[in-house]
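Report on one structure; see the data block that follows.
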Amino acid sequence: IIKISVASFEKKIKFVDNINQPFMENYNVDQKIQEFMARIEAKNPNEPEFLQAVKEVAVTVIPFISTRKEYTGKKLLERMAEPERTIIFRVPWVDDKGEIQVNRGFRIQMNSAIGPYKGGIRFHPTVNLSVLKFLAFEQTFKNSLTTLPMGGGKGGADFDPQGKSDNEIMRFCQAFMTEMCKHIGPETDVPAGDIGVGAREIGYLFGQYKKIRNEFTGVLTGKGLAYGGSLIRPEATGYGVVYFAEQMLKTIGQDFKGKTVCVSGFGNVAWGVVKKATELGGKVVTISGPDGYIYDKDGISGEKIDYLLELRASGNNRAEDYAKKFPSAEFHAGKRPWEVKCDVAIPAATQNELHLEDAKNLVANGVICVTEAANMPSSLDAINHFLGNKVLFSPGKASNAGGVATSGLEMTQNSIRLNWSSEEVDARLKEIMIGIHKACRDYGKEEDGYVNYVKGANIAGFVKVAEAMLAQGVV
């Protein structure tokens with residue numbers, strides 16, 4: 001049995017059993033969560049990231065299910081936690097030395113209740129079944145929140161693009177797509193980019209798909225503008241995060257003007273966050289990489305924001321280069337930026353980068369808003385600390401949905417064979433993020449007025465998928 005923390009629930013609810021007995025008056029909801037997680041753990045051993053993601057949803061959704069008779073006895077959450085299809089395949093390719101290399105490719109088609117599978121492709125040495133299942137599970141809820149007709153999926157390979165030549169990356173992408181093309185399509189599964197898969201990789205993947213299938217369709221998003229891509233897609237996730245944070249701040253009568261902002265990472269997401277937060281009057285003072293973080297007391301703006309693109313394109317993953325370029329900035333080797341005093345914290349690097357001690361530092365330093373830009377960057381202990389101290393906190397499945405929302409807008413543009421202006425795409429993105437915030441606020445508002453965005457996002461995402469699954473029967 002897994003011990004589950006349900007600190008955010010101060011009172012017990014009478015539980016409705018979802019297996020055999022419709023109403024059990026004194027059934028403890030904590031026990032039900034434990035039993036659910038024990039079943040999930042037994043079926044998914046040695047998958048810590050996936051179990052963490054499911055647990056984070058279970059502690060909020062299972063108490064909600066217990067209050068809704070129409071959801072009982074259907075094993076809805078258990079079905080959502082089981083991929084509809086898990087595809088694992090060999091990816092052999094030849095490097096520049098003429099040597100054969102073999103990688104492992106994946107595609108997790110998690111849930112298609114509300115639309116074709118939708119989710120990114122990640123190329124990174126850490127890619128494994130647990131990571132991709134957690135991402136696909138999160139994607140199901142995230143895509144539901146956008147209100148667009150997209151199911152949840154995720155894919156990738158344990159291939160490391162770092163240090164590879166352009167030709168090696170092209171050959172790997174072609175080998176990867178040669179197998180994956182059998183399982184995707186514009187009405188079935190529409191992948192996008194993710195860590196290690198940018199515009200270059202999407203281009204190679206799309207070219208190979210087009211050659212093999214002999215069709216030009218919107219089967220991938222994040223494409224170049226010359227062949228069906230959407231304006232502001234690279235910035236979209238970061239922009240959406242800031243739009244969501246702006247709505248969070250409005251609930252307490254504040255905005256970004258004059259706020260000090262700490263950001264982790266320096267990739268496309270962090271770049272978009274820095275651009276939009278600065279535009280709205282915030283002062284971003286940190287970015288980070290695997291080597292440590294930089295603190296720029298003057299703020300990251302103007303040419304410094306433009307330099308983030310150069311830093312990202314360099315492929316060396318060293319935040320220290322920023323301090324070399326701008327000597328007024330301080331570099332802190334081997335550390336994360338959460339020790340810096342700030343009003344708004346935006347983790348935008350990777351999963352599990354913000355731990356309990358980091359959360360304690362942020363709270364002690366007076367942080368008022370923590371908005372996740374990466375997927376599951378905060379540990380459960382850190383999340384509980386933020387919630388326990390009534391800090392405004394948003395999980396990534398809600399606040400970083402701007403990227404997939406804009407991918408959905410790209411799919412729409414592909415379908416109607418039209419391109420919208422950057423202003424129109426940005427306006428639609430902002431409207432979607434405001435809608436996501438409203439749904440999370442409505443489901444997450446507690447008796448004292450505090451908005452528990454974790455609960456709100458999980459329940460709002462769950463409800464739409466659950467209703468579709470109920471309507472479609474046991475499939």
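Letters A, B, ... mark the chains of the structure tokens in the order given; residue numbers begin at 1 per chain; ligand numbers begin at 1, in order shown.
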#### Entry: Residues within 10 Å of range 185-195 of chain A, only C-alpha atoms, excluding chain neighbours under 2 positions, as a PyMOL selection string
chain A and resi 107+109+112+115-124+150-156+161+180-183+197-202+209+213+217-223+234+267-268+349-350+403-404+407-408+411+414-415
### Message
Could you check the closest approach to Thr260 in chain A for each of A:Gly449, A:Gly366, A:Pro327, A:Gly203 and tell me which residue wins, using only C-alpha atoms?
### Response
A:Gly366
### Message
I need the strand (DSSP E) residues of range 329-442 of chain A per DSSP on the backbone, written as a VMD selection string.
### Response
chain A and resid 330 to 333 344 to 346 369 to 371 392 to 394
### Task
Fewer than 5 positions away in the same chain doesn't count, so skip those; otherwise give me all residues within 10 Å of range 336-343 of chain A, counting only C-alpha atoms, as a PyMOL selection string.
chain A and resi 256+258-265+282-295+353-355+357-370
### Query
With only C-alpha atoms as the atoms that count, which of A:Val242, A:Arg104, A:Asn214, A:Trp420 lies nearest to Glu179 in chain A?
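Closest candidate: A:Arg104.
You can rank A:Lys43, A:Lys32, A:Lys211, A:Arg68 by their closest distance to Ile459 in chain A using only C-alpha atoms, and at the top of that list sits A:Arg68.
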